[in-house]
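Visitor: Okay, so here is data.cif, and as you'll see once you scroll down, it has mmCIF, N, CA and C atoms.
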data_structure
loop_
_atom_site.label_atom_id
_atom_site.label_comp_id
_atom_site.auth_asym_id
_atom_site.auth_seq_id
_atom_site.Cartn_x
_atom_site.Cartn_y
_atom_site.Cartn_z
N MET A 1 -185.83 24.54 158.26
CA MET A 1 -185.48 23.18 157.89
C MET A 1 -183.98 23.01 158.03
N SER A 2 -183.59 21.82 158.53
CA SER A 2 -182.17 21.65 158.80
C SER A 2 -181.56 20.39 158.20
N GLY A 3 -182.34 19.45 157.70
CA GLY A 3 -181.69 18.27 157.16
C GLY A 3 -182.64 17.12 156.94
N GLY A 4 -182.15 15.93 157.29
CA GLY A 4 -182.85 14.69 156.99
C GLY A 4 -184.26 14.60 157.54
N ASP A 5 -184.46 14.96 158.81
CA ASP A 5 -185.80 14.88 159.39
C ASP A 5 -186.76 15.83 158.68
N ASP A 6 -186.25 17.03 158.36
CA ASP A 6 -187.10 18.00 157.66
C ASP A 6 -187.42 17.53 156.25
N PHE A 7 -186.44 16.90 155.59
CA PHE A 7 -186.68 16.38 154.25
C PHE A 7 -187.74 15.28 154.31
N ALA A 8 -187.66 14.43 155.33
CA ALA A 8 -188.65 13.36 155.49
C ALA A 8 -190.04 13.94 155.68
N ALA A 9 -190.15 14.96 156.52
CA ALA A 9 -191.45 15.59 156.76
C ALA A 9 -191.98 16.24 155.48
N LEU A 10 -191.11 16.91 154.76
CA LEU A 10 -191.52 17.54 153.51
C LEU A 10 -191.95 16.49 152.49
N SER A 11 -191.23 15.39 152.40
CA SER A 11 -191.59 14.31 151.47
C SER A 11 -192.97 13.75 151.80
N ARG A 12 -193.24 13.58 153.10
CA ARG A 12 -194.56 13.08 153.50
C ARG A 12 -195.67 14.06 153.12
N ARG A 13 -195.40 15.37 153.35
CA ARG A 13 -196.40 16.38 153.00
C ARG A 13 -196.66 16.42 151.50
N LEU A 14 -195.61 16.30 150.71
CA LEU A 14 -195.77 16.29 149.26
C LEU A 14 -196.59 15.09 148.81
N LYS A 15 -196.30 13.94 149.41
CA LYS A 15 -197.02 12.72 149.05
C LYS A 15 -198.49 12.83 149.46
N GLU A 16 -198.74 13.33 150.67
CA GLU A 16 -200.11 13.47 151.15
C GLU A 16 -200.91 14.45 150.29
N ALA A 17 -200.24 15.51 149.84
CA ALA A 17 -200.91 16.52 149.02
C ALA A 17 -201.01 16.10 147.56
N GLY A 18 -200.36 15.00 147.20
CA GLY A 18 -200.38 14.54 145.81
C GLY A 18 -199.62 15.47 144.87
N GLU A 19 -198.62 16.13 145.41
CA GLU A 19 -197.85 17.13 144.65
C GLU A 19 -196.68 16.48 143.92
N THR A 20 -196.98 15.72 142.86
CA THR A 20 -195.90 15.05 142.13
C THR A 20 -195.04 16.07 141.38
N GLY A 21 -195.62 17.14 140.90
CA GLY A 21 -194.84 18.16 140.19
C GLY A 21 -193.85 18.85 141.11
N LEU A 22 -194.28 19.19 142.32
CA LEU A 22 -193.36 19.83 143.27
C LEU A 22 -192.27 18.86 143.73
N ALA A 23 -192.64 17.60 143.91
CA ALA A 23 -191.65 16.60 144.31
C ALA A 23 -190.60 16.43 143.21
N ARG A 24 -191.05 16.40 141.97
CA ARG A 24 -190.13 16.27 140.84
C ARG A 24 -189.21 17.49 140.76
N ALA A 25 -189.77 18.68 140.97
CA ALA A 25 -188.97 19.91 140.95
C ALA A 25 -187.95 19.93 142.07
N LEU A 26 -188.33 19.43 143.24
CA LEU A 26 -187.39 19.36 144.36
C LEU A 26 -186.24 18.40 144.05
N ARG A 27 -186.56 17.22 143.50
CA ARG A 27 -185.51 16.27 143.14
C ARG A 27 -184.56 16.87 142.10
N LYS A 28 -185.11 17.59 141.14
CA LYS A 28 -184.27 18.23 140.12
C LYS A 28 -183.37 19.29 140.75
N ALA A 29 -183.91 20.09 141.66
CA ALA A 29 -183.11 21.13 142.32
C ALA A 29 -181.96 20.51 143.12
N ILE A 30 -182.23 19.39 143.76
CA ILE A 30 -181.19 18.71 144.54
C ILE A 30 -180.11 18.17 143.61
N LYS A 31 -180.50 17.55 142.52
CA LYS A 31 -179.52 17.02 141.56
C LYS A 31 -178.73 18.16 140.92
N ASP A 32 -179.40 19.25 140.57
CA ASP A 32 -178.72 20.40 139.97
C ASP A 32 -177.71 21.04 140.92
N ALA A 33 -177.98 20.97 142.22
CA ALA A 33 -177.06 21.55 143.21
C ALA A 33 -175.71 20.84 143.19
N ALA A 34 -175.71 19.55 142.91
CA ALA A 34 -174.47 18.77 142.92
C ALA A 34 -173.81 18.66 141.55
N ALA A 35 -174.50 19.03 140.49
CA ALA A 35 -173.98 18.88 139.13
C ALA A 35 -172.64 19.59 138.90
N PRO A 36 -172.43 20.81 139.42
CA PRO A 36 -171.13 21.45 139.18
C PRO A 36 -169.93 20.67 139.75
N ILE A 37 -170.14 19.94 140.83
CA ILE A 37 -169.06 19.14 141.40
C ILE A 37 -168.69 18.03 140.43
N ALA A 38 -169.69 17.35 139.90
CA ALA A 38 -169.43 16.26 138.95
C ALA A 38 -168.70 16.78 137.73
N SER A 39 -169.09 17.94 137.26
CA SER A 39 -168.44 18.54 136.10
C SER A 39 -166.99 18.90 136.40
N GLU A 40 -166.74 19.45 137.58
CA GLU A 40 -165.37 19.83 137.96
C GLU A 40 -164.46 18.62 138.07
N ILE A 41 -164.94 17.54 138.66
CA ILE A 41 -164.11 16.36 138.89
C ILE A 41 -163.57 15.81 137.57
N SER A 42 -164.35 15.84 136.51
CA SER A 42 -163.92 15.25 135.24
C SER A 42 -163.23 16.26 134.32
N ASN A 43 -163.07 17.49 134.77
CA ASN A 43 -162.46 18.54 133.96
C ASN A 43 -160.94 18.38 133.90
N LEU A 44 -160.37 18.45 132.69
CA LEU A 44 -158.93 18.28 132.51
C LEU A 44 -158.13 19.30 133.32
N GLY A 45 -158.56 20.55 133.33
CA GLY A 45 -157.86 21.57 134.09
C GLY A 45 -157.81 21.26 135.57
N HIS A 46 -158.86 20.64 136.08
CA HIS A 46 -158.90 20.24 137.49
C HIS A 46 -157.97 19.05 137.74
N LEU A 47 -157.92 18.11 136.80
CA LEU A 47 -157.14 16.88 137.00
C LEU A 47 -155.63 17.09 136.91
N LYS A 48 -155.18 18.05 136.11
CA LYS A 48 -153.74 18.22 135.86
C LYS A 48 -152.89 18.40 137.13
N PRO A 49 -153.31 19.16 138.14
CA PRO A 49 -152.46 19.27 139.33
C PRO A 49 -152.38 17.99 140.17
N TYR A 50 -153.27 17.04 139.90
CA TYR A 50 -153.35 15.83 140.72
C TYR A 50 -152.60 14.64 140.15
N MET A 51 -152.24 14.69 138.86
CA MET A 51 -151.59 13.53 138.24
C MET A 51 -150.78 13.96 137.03
N PRO A 52 -149.91 13.08 136.53
CA PRO A 52 -149.14 13.44 135.35
C PRO A 52 -150.05 13.87 134.19
N ASP A 53 -149.60 14.87 133.43
CA ASP A 53 -150.43 15.44 132.36
C ASP A 53 -150.99 14.40 131.41
N ARG A 54 -150.14 13.46 131.00
CA ARG A 54 -150.59 12.47 130.03
C ARG A 54 -151.73 11.61 130.60
N TYR A 55 -151.61 11.24 131.86
CA TYR A 55 -152.67 10.44 132.46
C TYR A 55 -153.90 11.29 132.74
N ALA A 56 -153.71 12.55 133.11
CA ALA A 56 -154.84 13.45 133.33
C ALA A 56 -155.68 13.55 132.06
N GLU A 57 -155.02 13.67 130.90
CA GLU A 57 -155.74 13.74 129.63
C GLU A 57 -156.51 12.44 129.36
N THR A 58 -155.87 11.32 129.62
CA THR A 58 -156.51 10.02 129.43
C THR A 58 -157.72 9.87 130.35
N LEU A 59 -157.53 10.21 131.61
CA LEU A 59 -158.62 10.07 132.58
C LEU A 59 -159.77 11.01 132.27
N ALA A 60 -159.47 12.25 131.91
CA ALA A 60 -160.53 13.22 131.59
C ALA A 60 -161.40 12.72 130.45
N GLY A 61 -160.81 12.02 129.50
CA GLY A 61 -161.58 11.50 128.38
C GLY A 61 -162.36 10.25 128.70
N ASP A 62 -162.00 9.58 129.77
CA ASP A 62 -162.62 8.30 130.08
C ASP A 62 -163.48 8.29 131.34
N ILE A 63 -163.30 9.25 132.23
CA ILE A 63 -164.01 9.19 133.51
C ILE A 63 -165.48 9.60 133.35
N LYS A 64 -166.31 8.88 134.03
CA LYS A 64 -167.75 9.17 134.05
C LYS A 64 -168.10 9.52 135.50
N VAL A 65 -168.58 10.74 135.71
CA VAL A 65 -168.95 11.18 137.05
C VAL A 65 -170.46 11.40 137.05
N THR A 66 -171.15 10.72 137.94
CA THR A 66 -172.60 10.82 138.00
C THR A 66 -173.06 11.22 139.39
N THR A 67 -174.21 11.85 139.44
CA THR A 67 -174.85 12.18 140.72
C THR A 67 -176.05 11.26 140.87
N LEU A 68 -176.13 10.63 142.01
CA LEU A 68 -177.23 9.72 142.32
C LEU A 68 -177.96 10.25 143.55
N GLN A 69 -179.26 10.34 143.42
CA GLN A 69 -180.04 10.88 144.52
C GLN A 69 -180.72 9.77 145.28
N ARG A 70 -180.55 9.81 146.60
CA ARG A 70 -181.29 8.91 147.48
C ARG A 70 -182.54 9.64 147.89
N GLY A 71 -183.67 9.11 147.49
CA GLY A 71 -184.92 9.80 147.78
C GLY A 71 -185.71 9.20 148.92
N SER A 72 -185.10 8.27 149.64
CA SER A 72 -185.86 7.64 150.71
C SER A 72 -186.09 8.62 151.85
N ILE A 73 -187.18 8.45 152.52
CA ILE A 73 -187.53 9.34 153.62
C ILE A 73 -186.54 9.17 154.78
N ARG A 74 -186.06 7.96 154.99
CA ARG A 74 -185.15 7.72 156.12
C ARG A 74 -183.74 8.22 155.85
N SER A 75 -183.32 8.20 154.60
CA SER A 75 -181.94 8.55 154.29
C SER A 75 -181.84 9.39 153.02
N PRO A 76 -182.31 10.63 153.07
CA PRO A 76 -182.24 11.47 151.87
C PRO A 76 -180.81 11.95 151.65
N GLY A 77 -180.49 12.20 150.42
CA GLY A 77 -179.17 12.74 150.13
C GLY A 77 -178.79 12.58 148.67
N ILE A 78 -177.59 12.98 148.38
CA ILE A 78 -177.06 12.89 147.02
C ILE A 78 -175.68 12.27 147.10
N ARG A 79 -175.37 11.43 146.14
CA ARG A 79 -174.07 10.75 146.12
C ARG A 79 -173.44 11.00 144.76
N ILE A 80 -172.15 11.22 144.76
CA ILE A 80 -171.41 11.43 143.52
C ILE A 80 -170.48 10.24 143.34
N GLU A 81 -170.54 9.63 142.16
CA GLU A 81 -169.72 8.46 141.88
C GLU A 81 -168.90 8.70 140.62
N ALA A 82 -167.73 8.09 140.57
CA ALA A 82 -166.88 8.18 139.38
C ALA A 82 -166.42 6.78 138.99
N SER A 83 -166.37 6.56 137.68
CA SER A 83 -165.89 5.28 137.15
C SER A 83 -165.36 5.52 135.75
N GLY A 84 -164.67 4.53 135.23
CA GLY A 84 -164.19 4.61 133.86
C GLY A 84 -165.30 4.22 132.90
N ARG A 85 -165.29 4.82 131.73
CA ARG A 85 -166.29 4.45 130.71
C ARG A 85 -165.80 3.25 129.91
N ALA A 86 -164.65 3.40 129.27
CA ALA A 86 -164.13 2.35 128.40
C ALA A 86 -163.27 1.35 129.17
N ARG A 87 -162.60 1.81 130.21
CA ARG A 87 -161.72 0.95 131.00
C ARG A 87 -162.11 1.05 132.47
N LYS A 88 -161.79 -0.01 133.17
CA LYS A 88 -162.02 0.00 134.60
C LYS A 88 -160.94 0.88 135.24
N ARG A 89 -161.34 1.90 135.95
CA ARG A 89 -160.39 2.82 136.59
C ARG A 89 -160.43 2.60 138.10
N LYS A 90 -159.28 2.66 138.71
CA LYS A 90 -159.19 2.52 140.17
C LYS A 90 -159.32 3.92 140.77
N VAL A 91 -160.55 4.42 140.79
CA VAL A 91 -160.81 5.80 141.18
C VAL A 91 -160.40 6.06 142.63
N ALA A 92 -160.71 5.15 143.53
CA ALA A 92 -160.35 5.35 144.94
C ALA A 92 -158.83 5.41 145.10
N GLN A 93 -158.13 4.57 144.38
CA GLN A 93 -156.67 4.56 144.45
C GLN A 93 -156.10 5.85 143.86
N LEU A 94 -156.64 6.31 142.73
CA LEU A 94 -156.20 7.58 142.14
C LEU A 94 -156.47 8.73 143.10
N ASN A 95 -157.62 8.70 143.76
CA ASN A 95 -157.95 9.73 144.74
C ASN A 95 -156.97 9.73 145.90
N ASP A 96 -156.42 8.57 146.22
CA ASP A 96 -155.42 8.46 147.29
C ASP A 96 -154.03 8.91 146.83
N GLY A 97 -153.88 9.21 145.53
CA GLY A 97 -152.61 9.70 145.01
C GLY A 97 -151.68 8.60 144.52
N VAL A 98 -152.26 7.49 144.08
CA VAL A 98 -151.47 6.36 143.59
C VAL A 98 -152.00 5.95 142.22
N ILE A 99 -151.09 5.77 141.28
CA ILE A 99 -151.47 5.27 139.96
C ILE A 99 -150.76 3.94 139.74
N THR A 100 -151.44 2.97 139.17
CA THR A 100 -150.86 1.66 138.91
C THR A 100 -150.75 1.47 137.40
N HIS A 101 -149.60 1.02 136.96
CA HIS A 101 -149.42 0.76 135.53
C HIS A 101 -148.41 -0.36 135.34
N PRO A 102 -148.45 -1.02 134.17
CA PRO A 102 -147.50 -2.10 133.94
C PRO A 102 -146.07 -1.55 133.86
N LEU A 103 -145.16 -2.27 134.42
CA LEU A 103 -143.75 -1.85 134.44
C LEU A 103 -143.17 -2.08 133.05
N PHE A 104 -142.84 -0.99 132.36
CA PHE A 104 -142.30 -1.02 131.00
C PHE A 104 -143.16 -1.85 130.06
N GLY A 105 -144.49 -1.75 130.21
CA GLY A 105 -145.41 -2.46 129.31
C GLY A 105 -145.61 -3.93 129.64
N ASP A 106 -144.92 -4.44 130.65
CA ASP A 106 -145.04 -5.85 131.03
C ASP A 106 -146.28 -6.02 131.91
N ARG A 107 -147.31 -6.54 131.36
CA ARG A 107 -148.57 -6.66 132.08
C ARG A 107 -148.54 -7.75 133.17
N GLU A 108 -147.44 -8.45 133.26
CA GLU A 108 -147.26 -9.42 134.34
C GLU A 108 -146.74 -8.75 135.60
N GLU A 109 -146.07 -7.61 135.43
CA GLU A 109 -145.48 -6.91 136.57
C GLU A 109 -146.01 -5.48 136.61
N TRP A 110 -146.70 -5.15 137.70
CA TRP A 110 -147.33 -3.84 137.83
C TRP A 110 -146.57 -2.99 138.83
N PHE A 111 -146.62 -1.69 138.61
CA PHE A 111 -145.86 -0.73 139.40
C PHE A 111 -146.82 0.29 140.00
N HIS A 112 -146.65 0.61 141.27
CA HIS A 112 -147.44 1.65 141.94
C HIS A 112 -146.63 2.94 141.94
N GLN A 113 -147.12 3.93 141.24
CA GLN A 113 -146.40 5.21 141.13
C GLN A 113 -147.02 6.26 142.04
N LEU A 114 -146.17 6.91 142.80
CA LEU A 114 -146.59 8.02 143.65
C LEU A 114 -146.09 9.35 143.09
N ARG A 115 -144.97 9.31 142.38
CA ARG A 115 -144.37 10.54 141.84
C ARG A 115 -145.32 11.19 140.83
N GLY A 116 -145.49 12.47 140.97
CA GLY A 116 -146.36 13.21 140.06
C GLY A 116 -147.83 13.13 140.44
N MET A 117 -148.13 12.40 141.50
CA MET A 117 -149.52 12.22 141.93
C MET A 117 -149.77 13.05 143.19
N LYS A 118 -150.97 13.55 143.29
CA LYS A 118 -151.42 14.29 144.47
C LYS A 118 -152.79 13.74 144.86
N ALA A 119 -152.95 13.42 146.10
CA ALA A 119 -154.22 12.86 146.57
C ALA A 119 -155.33 13.90 146.54
N GLY A 120 -156.57 13.43 146.34
CA GLY A 120 -157.74 14.29 146.52
C GLY A 120 -158.42 14.80 145.27
N PHE A 121 -158.14 14.25 144.08
CA PHE A 121 -158.78 14.79 142.89
C PHE A 121 -160.30 14.68 142.97
N PHE A 122 -160.80 13.68 143.68
CA PHE A 122 -162.25 13.49 143.84
C PHE A 122 -162.75 14.17 145.12
N ASP A 123 -162.06 13.93 146.23
CA ASP A 123 -162.50 14.44 147.53
C ASP A 123 -162.45 15.96 147.64
N ASP A 124 -161.40 16.57 147.10
CA ASP A 124 -161.23 18.02 147.27
C ASP A 124 -162.43 18.84 146.75
N PRO A 125 -162.91 18.61 145.52
CA PRO A 125 -164.08 19.39 145.06
C PRO A 125 -165.33 19.10 145.90
N CYS A 126 -165.49 17.85 146.31
CA CYS A 126 -166.67 17.49 147.12
C CYS A 126 -166.64 18.20 148.47
N ASN A 127 -165.49 18.18 149.12
CA ASN A 127 -165.36 18.83 150.43
C ASN A 127 -165.48 20.34 150.32
N ARG A 128 -164.89 20.91 149.27
CA ARG A 128 -164.93 22.36 149.09
C ARG A 128 -166.35 22.86 148.79
N ALA A 129 -167.09 22.13 147.96
CA ALA A 129 -168.41 22.58 147.54
C ALA A 129 -169.54 22.07 148.44
N GLY A 130 -169.23 21.15 149.33
CA GLY A 130 -170.26 20.55 150.19
C GLY A 130 -171.16 21.56 150.88
N PRO A 131 -170.62 22.57 151.57
CA PRO A 131 -171.49 23.52 152.26
C PRO A 131 -172.42 24.29 151.31
N GLN A 132 -171.92 24.67 150.12
CA GLN A 132 -172.77 25.39 149.18
C GLN A 132 -173.88 24.49 148.64
N VAL A 133 -173.55 23.23 148.38
CA VAL A 133 -174.55 22.28 147.90
C VAL A 133 -175.63 22.09 148.96
N ARG A 134 -175.20 21.94 150.20
CA ARG A 134 -176.16 21.77 151.31
C ARG A 134 -177.07 23.00 151.40
N ASP A 135 -176.50 24.21 151.27
CA ASP A 135 -177.31 25.43 151.32
C ASP A 135 -178.32 25.48 150.18
N LYS A 136 -177.91 25.08 148.98
CA LYS A 136 -178.83 25.08 147.83
C LYS A 136 -179.97 24.08 148.04
N ILE A 137 -179.63 22.92 148.61
CA ILE A 137 -180.65 21.91 148.87
C ILE A 137 -181.64 22.41 149.92
N LEU A 138 -181.12 23.01 150.99
CA LEU A 138 -182.01 23.55 152.03
C LEU A 138 -182.89 24.66 151.48
N LYS A 139 -182.34 25.50 150.61
CA LYS A 139 -183.13 26.56 149.99
C LYS A 139 -184.26 25.97 149.14
N ALA A 140 -183.94 24.95 148.37
CA ALA A 140 -184.96 24.30 147.54
C ALA A 140 -186.04 23.67 148.42
N MET A 141 -185.62 23.09 149.55
CA MET A 141 -186.60 22.51 150.48
C MET A 141 -187.51 23.58 151.06
N HIS A 142 -186.94 24.73 151.46
CA HIS A 142 -187.74 25.83 152.00
C HIS A 142 -188.74 26.33 150.98
N GLU A 143 -188.28 26.52 149.74
CA GLU A 143 -189.18 27.02 148.70
C GLU A 143 -190.29 26.03 148.39
N THR A 144 -189.96 24.74 148.39
CA THR A 144 -190.98 23.72 148.15
C THR A 144 -191.97 23.68 149.31
N ALA A 145 -191.47 23.76 150.53
CA ALA A 145 -192.36 23.74 151.70
C ALA A 145 -193.30 24.93 151.67
N ALA A 146 -192.80 26.09 151.25
CA ALA A 146 -193.65 27.28 151.17
C ALA A 146 -194.75 27.10 150.13
N LYS A 147 -194.44 26.43 149.04
CA LYS A 147 -195.45 26.18 147.99
C LYS A 147 -196.50 25.19 148.46
N VAL A 148 -196.08 24.20 149.27
CA VAL A 148 -197.02 23.19 149.76
C VAL A 148 -197.99 23.80 150.76
N THR A 149 -197.46 24.64 151.65
CA THR A 149 -198.32 25.24 152.68
C THR A 149 -199.12 26.42 152.16
N GLY A 150 -198.69 26.97 151.03
CA GLY A 150 -199.43 28.08 150.41
C GLY A 150 -199.08 29.42 151.05
N PRO A 151 -199.60 30.50 150.43
CA PRO A 151 -199.29 31.85 150.94
C PRO A 151 -199.94 32.17 152.26
#
What would the structure in this file look like if it were written as structure tokens?
Guide:
Amino acid sequence: MSGGDDFAALSRRLKEAGETGLARALRKAIKDAAAPIASEISNLGHLKPYMPDRYAETLAGDIKVTTLQRGSIRSPGIRIEASGRARKRKVAQLNDGVITHPLFGDREEWFHQLRGMKAGFFDDPCNRAGPQVRDKILKAMHETAAKVTGP
């Protein structure tokens, strides 16, 4: 098995066989494969090299990182999203290495800060762990396919 087409074929076989338990286990294995990335992204120790310490602490306490699974036969996959819980956070802008804040507390005038910021707090863990996540997903697909076809 190599990817999307194989996942689609496996999904069809599971549906035809009425294997809801195996399908559920496969979805869980796929979500579990990406969970460490979500955990790393919101970790304070991970955030500190990417932004000023004070903001890293604030963001670590407020950021919500979730894994969303696309289960469609045509477009299987997993997506990781980040957003603020209590406040709206400009996650894409922070990932680009830019933080926006009011200039000396004046909410009429906003300042874009680059100093102390490093791009990639979100992308770096995703890119680094991507191959391992893909391998775990393919392994789960192989194991599920073996269970469907039997010994």
Visitor: What is the distance between CA of Arg70 (chain A) and CA of Ala86 (chain A), in Å to one decimal?
Guide: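 The value is 26.5 Å.
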Visitor: With only C-alpha atoms as the basis for distance, which of A:Arg85, A:Lys48, A:Arg13, A:Arg79 is at the shortest distance from Gly61 (chain A)?
Guide: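 The closest residue to Gly61 (chain A) is A:Arg85.
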Visitor: Looking at only C-alpha atoms, which of A:Lys31, A:Arg128, A:Lys118, A:Lys147 is the one that sits closest to Tyr50 (chain A)?
Guide: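 Comparing A:Lys31, A:Arg128, A:Lys118, A:Lys147 against Tyr50 (chain A), the winner is A:Lys118.
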Visitor: As a list of chain:residue names, please: every residue in chain A that DSSP puts in strand (DSSP E or B).
Guide: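 Listing strand (DSSP E or B) positions across chain A yields A:Ile63, A:Lys64, A:Val65, A:Thr66, A:Thr67, A:Leu68, A:Gln69, A:Arg70, A:Gly77, A:Ile78, A:Arg79, A:Ile80, A:Glu81, A:Ala82, A:Ser83, A:Gly84, A:Ile99, A:Thr100, A:His101, A:Pro102, A:Leu103, A:Asp106, A:Arg107, A:Glu108, A:Glu109, A:Trp110, A:Phe111, A:His112, A:Gln113.
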Visitor: Closest to Arg134 (chain A) among A:Leu94, A:Ile78, A:Leu68, A:Leu103, using only C-alpha atoms?
Guide: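 Looking only at the distances to Arg134 (chain A), the closest residue turns out to be A:Ile78.
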Visitor: Take atom C of Ala129 (chain A) and CA of Phe7 (chain A) and report the distance between them in Å, one decimal.
Guide: 19.0 Å
Visitor: Tell me which protein, DNA and RNA residues are within 8 Å of Ala60 (chain A), counting only C-alpha atoms, leaving out same-chain ones fewer than 4 positions away, and put them as a VMD selection string.
Guide: chain A and resid 42 to 44 47 56
Visitor: In Å, with one decimal, what is the gap from CA of Asp123 (chain A) to atom C of Pro36 (chain A)?
Guide: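 Going from CA of Asp123 (chain A) over to atom C of Pro36 (chain A) covers 12.4 Å.
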Visitor: May I have the protein, DNA and RNA residues with an atom at most 12 Å from (-154.4, 7.8, 145.5), counting only C-alpha atoms in the file's coordinates, returned as a list in words?
Guide: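 Residues lying no farther than 12 Å from the given point: Tyr50, Met51, Arg89, Lys90, Val91, Ala92, Gln93, Leu94, Asn95, Asp96, Gly97, Val98, Ile99, Thr100, His112, Gln113, Leu114, Arg115, Gly116, Met117, Lys118, Ala119, Gly120, Phe121, Phe122 and Asp123 of chain A.
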Visitor: So, with all atoms listed in the file as the atoms that count, which of A:Ala38, A:Gly84, A:Lys28, A:Ala140 lies closest to Leu59 (chain A)?
Guide: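 Among the listed residues, the smallest separation from Leu59 (chain A) belongs to A:Gly84.
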Visitor: Which residues in chain A does DSSP call helix (DSSP H, G or I)? List them as a PyMOL selection string.
Guide: chain A and resi 4-17+20-41+44-50+53-62+91-95+123-149
Visitor: For a cut-off of 8 Å around (-186.8, 14.3, 146.5), file coordinates, pick out all residues using all atoms listed in the file and list them as a ChimeraX atom specification.
Guide: /A:7,11,22-28,30,69-72,76-77
Visitor: Using all atoms listed in the file, can you tell me which of A:Glu108, A:Ile137, A:Ser83, A:Asp53 comes closest to Ala34 (chain A)?
Guide: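 Of A:Glu108, A:Ile137, A:Ser83, A:Asp53, the one nearest Ala34 (chain A), counting all atoms listed in the file, is A:Ile137.
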Visitor: Of the candidates A:Pro125, A:Leu10, A:Asp62, A:His101, which shows the shortest atom-to-atom distance to Ile41 (chain A), using only C-alpha atoms?
Guide: A:Pro125
